[in-house]
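The structure appears right after this line, and notes come after that.
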Amino acid sequence: MSEAAEDVKKPKEPLFSKKNKKLITDPLTDNNPITIQVLGICSALAITVQVEQAFWMSVSVIFVMVFGNLVVSLLRNLIPSRVRIIVQLVIVASLVIIVNELLQAFVPDVSEKLSVFVGLIITNCIIMGRFEAFAMSNKPFPSILDAVGNALGYAWILIVVALVREVFGSGKIWGFEIFGSNLPGEESGIYEMGYMNNNMMILPPMALIVVGIIIWIQRTRNKELVEEH
Amino acid sequence: MESTLDIFVKAIFSENMIFAYFLGMCSYLAVSKTVKTAVGLGAAVIFVLGITIPINYLLENFVLKEGALEWLNPAYGKSGDSTIDLSFLSFIMFIAVIASMVQLVEMLVEKFAPALYGALGIFLPLIAVNCSILGGSLFMQDRQYSTIGDATMFGIGSGIGWFLAIVAIAAIREKIRYSNVPPALRGLGITFIITGLMGIAFMSFMGIKYVDDKAEKVEKQEVKTTQVINVKTQK
């Protein structure tokens with residue numbers, strides 16, 4: 001009934017109406033899944049040492065999220081609410097198995113580096129969070145947009161953190177040496193003048209500190225997001 | 001070969017679930033506002049990790065691994081004619097075990113230990129989607145522990161490590177409420193940075209290593225013999 005009523009109210013909603021656009025743009029900034037909603041940090045930070053890993057992780061999450069949200073949204077009226085968590089877990093797990101097989105087939109070395117973290121997409125809180133909060137109560141098309149928005153919001157934070165850590169930690173972007181070679185004895189570029197990589201950046205705790213700094217910048221720019229203690 | 005004690009201590013300190021792998025960060029950040037709730041969730045995590053990892057270990061070694069179904073029919077074994085490798089199913093099997101175990105544990109605890117249920121009750125359903133539980137099982141699969149005892153100790157150790165981390169951050173967050181944190185960092189931002197600093201502190205546990213008595217003796221003997229050889233060559 002309520003859906004029918006909505007249809008009457010808005011007889012012709014354009015494909016990319018303002019509301020739908022907001023579904024994509026909101027999670028990128030003011031409602032970012034990582035920095036504002038605090039979801040999905042579990043599997044995110046451990047793989048941000050290199051941009052390449054972060055990129056493939058983001059692609060996997062976008063894939064799982066879009067199809068997961070679509071499937072859950074299509075099934076939303078069929079899933080009994082008491083067992084919904086298990087049903088959602090099974091949907092995500094099947095999608096993650098597909099992603100894992102594809103990664104192993106096409107980018108085997110990346111798949112090896114990501115190791116268990118591909119599997120951990122299953123328990124990525126963003127995915128379960130979006131299923132619960134959006135896909136279970138919305139139509140398929142907005143659900144896809146919501147998934148794309150949230151997954152991109154997750155992806156850009158991941159890639160920015162990886163970029164900072166790779167540039168300062170090992171002087172590379174996607175494996176290319178941007179500051180010249182730092183092999184002992186044959187230094188070139190700025191290494192010749194005595195520049196050294198910050199090895200600290202490669203250690204796991206620095207990922208947290210970089211995200212902390214992103215949060216700081218974001219909340220300084222938009223005072224509305226500041227939390228009380 | 002690592003000793004069981006070594007695996008246990010490593011799981012608590014140098015390979016801490018939170019500080020080294022960031023597993024279970026979501027609930028870690030969401031439920032660490034007071035020490036009391038943090039203790040409840042931490043205890044529930046130890047409990048569930050200690051139960052699910054041995055079960056998943058058995059599942060891995062008798063069903064999923066390549067050739068693990070040998071006990072059904074020798075032909076399914078590694079050297080048999082029709083080897084069966086079900087390891088691609090491990091994600092879905094592990095998560096199913098975890099979800100159902102959590103449900104089962106919740107029901108059993110409610111029936112037989114109402115007091116414990118009062119303390120853990122609300123946290124148990126949350127745990128099915130806690131990354132550290134699935135992460136523990138996946139690490140167990142990745143590292144190929146040789147006995148079920150090792151796997152169980154790894155599970156309990158990881159749980160204790162997680163417990164330590166969440167109780168510590170909860171205590172710090174209770175105190176930090178009275179400090180003058182820059183407004184934009186309040187709440188989430190400062191928690192991230194403190195966790196990072198705690199992680200750096202935990203990295204100093206990395207060198208800890210426990211060696212079996214036997215292995216140590218062999219090592220000492222080797223050192224002696226090499227010293228003798230060195231002396232001889234010097235002469």
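Identifiers for the structure tokens are assigned positionally: chains receive A, B, ... in sequence, residues are indexed from 1 per chain, and ligands are indexed from 1 in the order shown.
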
Report task. Name all residues at most 7 Å from Pro204 (chain A) (count only C-alpha atoms; drop same-chain ones fewer than 3 positions away) and give them as a PyMOL selection string. Result -> (chain A and resi 46+207) or (chain B and resi 20)

Would you save the residues from that selection as a CSV table (one decimal), in the first residue's frame, using N, CA and C atoms?
chain,number,residue,atom,x,y,z
A,46,ALA,N,44.2,-2.7,7.3
A,46,ALA,CA,45.4,-3.6,7.2
A,46,ALA,C,45.9,-3.6,5.8
A,207,ALA,N,48.2,3.5,10.0
A,207,ALA,CA,46.9,3.6,9.2
A,207,ALA,C,45.9,4.3,10.1
B,20,ALA,N,47.5,-5.2,15.5
B,20,ALA,CA,48.3,-5.6,14.3
B,20,ALA,C,47.4,-5.8,13.1

Report task. Between A:Gln53, A:Lys19, A:Ile126, A:Val87, single out the one closest to Asp109 (chain A), counting only C-alpha atoms. Result ->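 Counting only C-alpha atoms, the residue closest to Asp109 (chain A) is A:Gln53.
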
Query raised in the report: Quick one, how far is CA of Ser179 (chain B) from CA of Ile194 (chain B)?
Result: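 So the two atoms, CA of Ser179 (chain B) and CA of Ile194 (chain B), lie 13.4 Å apart.
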
Per residue of chain B within 8 Å of chain A, record the nearest atom pair and its distance in Å to one decimal, counting only C-alpha atoms, with rows in chain order and ascending residue number, as a Markdown table.
| residue | atom | partner | partner_atom | distance |
| --- | --- | --- | --- | --- |
| B:Phe19 | CA | A:Pro205 | CA | 6.7 |
| B:Ala20 | CA | A:Pro204 | CA | 6.0 |
| B:Tyr21 | CA | A:Ala46 | CA | 5.7 |
| B:Phe22 | CA | A:Cys42 | CA | 5.3 |
| B:Leu23 | CA | A:Cys42 | CA | 4.7 |
| B:Gly24 | CA | A:Cys42 | CA | 5.5 |
| B:Met25 | CA | A:Cys42 | CA | 4.9 |
| B:Cys26 | CA | A:Leu39 | CA | 5.8 |
| B:Leu29 | CA | A:Val38 | CA | 7.7 |
| B:Phe88 | CA | A:Ile97 | CA | 7.0 |
| B:Leu89 | CA | A:Ile97 | CA | 7.6 |
| B:Phe91 | CA | A:Ala93 | CA | 6.3 |
| B:Ile92 | CA | A:Ala93 | CA | 5.3 |
| B:Ile95 | CA | A:Leu89 | CA | 7.4 |
| B:Ala96 | CA | A:Ile86 | CA | 7.7 |
| B:Ala99 | CA | A:Ile86 | CA | 6.8 |
| B:Val129 | CA | A:Thr123 | CA | 5.2 |
| B:Asn130 | CA | A:Thr123 | CA | 6.5 |
| B:Cys131 | CA | A:Thr123 | CA | 5.3 |
| B:Leu134 | CA | A:Leu120 | CA | 6.9 |
| B:Gly135 | CA | A:Leu120 | CA | 6.5 |
| B:Leu138 | CA | A:Val116 | CA | 6.0 |
| B:Phe139 | CA | A:Val116 | CA | 6.8 |
| B:Asp142 | CA | A:Val116 | CA | 7.6 |
| B:Arg177 | CA | A:His229 | CA | 6.1 |
| B:Pro183 | CA | A:Val226 | CA | 6.5 |
| B:Ala184 | CA | A:Arg219 | CA | 5.0 |
| B:Leu185 | CA | A:Trp216 | CA | 5.3 |
| B:Arg186 | CA | A:His229 | CA | 6.0 |
| B:Gly187 | CA | A:His229 | CA | 5.3 |
| B:Leu188 | CA | A:Gly212 | CA | 7.8 |
| B:Gly189 | CA | A:Gly212 | CA | 4.8 |
| B:Ile190 | CA | A:Gly212 | CA | 6.8 |
| B:Thr191 | CA | A:Gly212 | CA | 8.0 |
| B:Phe192 | CA | A:Gly212 | CA | 5.3 |
| B:Ile193 | CA | A:Ile209 | CA | 4.8 |
| B:Thr195 | CA | A:Leu208 | CA | 7.0 |
| B:Gly196 | CA | A:Pro205 | CA | 4.4 |
| B:Leu197 | CA | A:Pro205 | CA | 6.9 |
| B:Gly199 | CA | A:Pro205 | CA | 5.3 |
| B:Ile200 | CA | A:Pro205 | CA | 6.0 |

Query raised in the report: What's the 9 Å shell around Phe131 (chain A), counting only C-alpha atoms, without same-chain residues fewer than 4 positions away, as a ChimeraX atom specification?
Result: /A:65,68-69,72-73,88,126-127,135-137,143

Could the residues in this selection be written to a file with N, CA, C and O atoms, as an mmCIF file, in the first residue's frame?
data_model
loop_
_atom_site.group_PDB
_atom_site.id
_atom_site.type_symbol
_atom_site.label_atom_id
_atom_site.label_comp_id
_atom_site.auth_asym_id
_atom_site.auth_seq_id
_atom_site.Cartn_x
_atom_site.Cartn_y
_atom_site.Cartn_z
ATOM 1 N N MET A 65 29.103 -5.110 -2.713
ATOM 2 C CA MET A 65 28.061 -4.264 -2.174
ATOM 3 C C MET A 65 26.939 -4.031 -3.143
ATOM 4 O O MET A 65 25.765 -4.092 -2.779
ATOM 5 N N GLY A 68 25.098 -7.325 -3.656
ATOM 6 C CA GLY A 68 24.462 -7.703 -2.400
ATOM 7 C C GLY A 68 23.239 -6.848 -2.124
ATOM 8 O O GLY A 68 22.156 -7.358 -1.824
ATOM 9 N N ASN A 69 23.393 -5.527 -2.281
ATOM 10 C CA ASN A 69 22.260 -4.638 -2.035
ATOM 11 C C ASN A 69 21.126 -4.943 -3.006
ATOM 12 O O ASN A 69 19.956 -4.927 -2.625
ATOM 13 N N VAL A 72 19.484 -8.341 -1.897
ATOM 14 C CA VAL A 72 18.713 -8.196 -0.660
ATOM 15 C C VAL A 72 17.468 -7.367 -0.921
ATOM 16 O O VAL A 72 16.378 -7.673 -0.430
ATOM 17 N N SER A 73 17.604 -6.317 -1.753
ATOM 18 C CA SER A 73 16.464 -5.468 -2.022
ATOM 19 C C SER A 73 15.391 -6.229 -2.801
ATOM 20 O O SER A 73 14.196 -6.064 -2.552
ATOM 21 N N GLN A 88 21.370 -12.735 5.111
ATOM 22 C CA GLN A 88 22.273 -11.719 4.566
ATOM 23 C C GLN A 88 23.707 -12.234 4.541
ATOM 24 O O GLN A 88 24.435 -12.031 3.569
ATOM 25 N N ILE A 126 30.089 -2.224 6.819
ATOM 26 C CA ILE A 126 29.376 -1.343 5.892
ATOM 27 C C ILE A 126 28.327 -2.151 5.148
ATOM 28 O O ILE A 126 27.193 -1.710 4.986
ATOM 29 N N ILE A 127 28.727 -3.344 4.707
ATOM 30 C CA ILE A 127 27.824 -4.118 3.877
ATOM 31 C C ILE A 127 26.592 -4.529 4.668
ATOM 32 O O ILE A 127 25.462 -4.274 4.257
ATOM 33 N N ALA A 135 18.750 -1.531 2.114
ATOM 34 C CA ALA A 135 18.218 -2.474 1.127
ATOM 35 C C ALA A 135 16.978 -3.202 1.626
ATOM 36 O O ALA A 135 16.093 -3.534 0.836
ATOM 37 N N MET A 136 16.892 -3.441 2.949
ATOM 38 C CA MET A 136 15.735 -4.168 3.470
ATOM 39 C C MET A 136 14.442 -3.373 3.344
ATOM 40 O O MET A 136 13.366 -3.926 3.500
ATOM 41 N N SER A 137 14.539 -2.063 3.113
ATOM 42 C CA SER A 137 13.302 -1.274 3.093
ATOM 43 C C SER A 137 13.197 -0.381 1.870
ATOM 44 O O SER A 137 12.405 0.546 1.864
ATOM 45 N N SER A 143 18.551 1.197 -4.072
ATOM 46 C CA SER A 143 19.501 0.385 -3.300
ATOM 47 C C SER A 143 20.835 0.289 -4.007
ATOM 48 O O SER A 143 21.892 0.346 -3.374
#

Query - Non-local contacts of Val9 (chain B) (12 Å; only C-alpha atoms; under 2 positions in same chain excluded) as a PyMOL selection string - result: chain B and resi 2-7+11-16+150+153-161+205-211

Query - Test item: residues at most 7 Å from Lys33 (chain B), only C-alpha atoms, excluding those fewer than 4 positions along its chain, as a list in words - result: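 That gives Ala170, Arg173 and Glu174 of chain B.
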
Dump all heavy atoms for the selected residues as a PDB file, in the first residue's frame?
ATOM      1  N   ALA B 170      38.661   1.618  26.532  1.00  0.00           N
ATOM      2  CA  ALA B 170      37.488   2.118  27.247  1.00  0.00           C
ATOM      3  C   ALA B 170      37.925   2.923  28.463  1.00  0.00           C
ATOM      4  O   ALA B 170      37.372   3.997  28.748  1.00  0.00           O
ATOM      5  CB  ALA B 170      36.591   0.963  27.658  1.00  0.00           C
ATOM      6  N   ARG B 173      39.192   6.204  27.260  1.00  0.00           N
ATOM      7  CA  ARG B 173      38.115   7.098  26.810  1.00  0.00           C
ATOM      8  C   ARG B 173      37.337   7.678  27.985  1.00  0.00           C
ATOM      9  O   ARG B 173      36.837   8.795  27.920  1.00  0.00           O
ATOM     10  CB  ARG B 173      37.174   6.353  25.872  1.00  0.00           C
ATOM     11  CG  ARG B 173      37.715   6.262  24.476  1.00  0.00           C
ATOM     12  CD  ARG B 173      36.782   5.535  23.565  1.00  0.00           C
ATOM     13  NE  ARG B 173      35.764   6.415  23.012  1.00  0.00           N
ATOM     14  CZ  ARG B 173      34.961   6.057  22.016  1.00  0.00           C
ATOM     15  NH1 ARG B 173      35.052   4.858  21.498  1.00  0.00           N
ATOM     16  NH2 ARG B 173      34.058   6.892  21.551  1.00  0.00           N
ATOM     17  N   GLU B 174      37.223   6.886  29.069  1.00  0.00           N
ATOM     18  CA  GLU B 174      36.531   7.430  30.242  1.00  0.00           C
ATOM     19  C   GLU B 174      37.292   8.612  30.806  1.00  0.00           C
ATOM     20  O   GLU B 174      36.709   9.600  31.250  1.00  0.00           O
ATOM     21  CB  GLU B 174      36.374   6.342  31.313  1.00  0.00           C
ATOM     22  CG  GLU B 174      35.149   5.488  31.098  1.00  0.00           C
ATOM     23  CD  GLU B 174      34.873   4.575  32.273  1.00  0.00           C
ATOM     24  OE1 GLU B 174      35.619   4.616  33.269  1.00  0.00           O
ATOM     25  OE2 GLU B 174      33.903   3.799  32.181  1.00  0.00           O
TER      26      GLU B 174
END

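For the pair CA of Leu74 (chain A) and CA of Glu132 (chain A), the interatomic distance is 13.6 Å.
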
Query raised in the report: How would you write, as an MDAnalysis selection string, the set of residues in region 71-219 of chain B that DSSP gives as alpha helix (DSSP H)?
Result: chainID B and resid 90:112 114:120 124:127 131:143 148:176 188:202 213:219

Report summary line: Atom pair CA of Ile172 (chain B) + CA of Ile202 (chain A), distance 25.8 Å

Query raised in the report: Which polymer residues have any atom within 7 Å of an atom of Ser32 (chain B), counting only C-alpha atoms, with same-chain residues fewer than 4 positions away left out, as a PyMOL selection string?
Result: chain B and resi 28+38+166+169-170

Report task. Would you kindly return, as a list in words, each protein, DNA or RNA residue with an atom no farther than 9 Å from any atom of Met201 (chain A), considering only C-alpha atoms and excluding same-chain residues fewer than 5 positions away? Result ->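 Skipping anything fewer than 5 positions along the chain leaves Val49, Val164, Arg165, Glu166, Phe168, Gly169, Ser170, Met206 and Ala207 of chain A.
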
**Report entry** Among listed residues B:Met93, B:Leu64, B:Ala119, B:Leu124, nearest Val45 (chain B) (using only C-alpha atoms)
**Finding:** B:Leu124
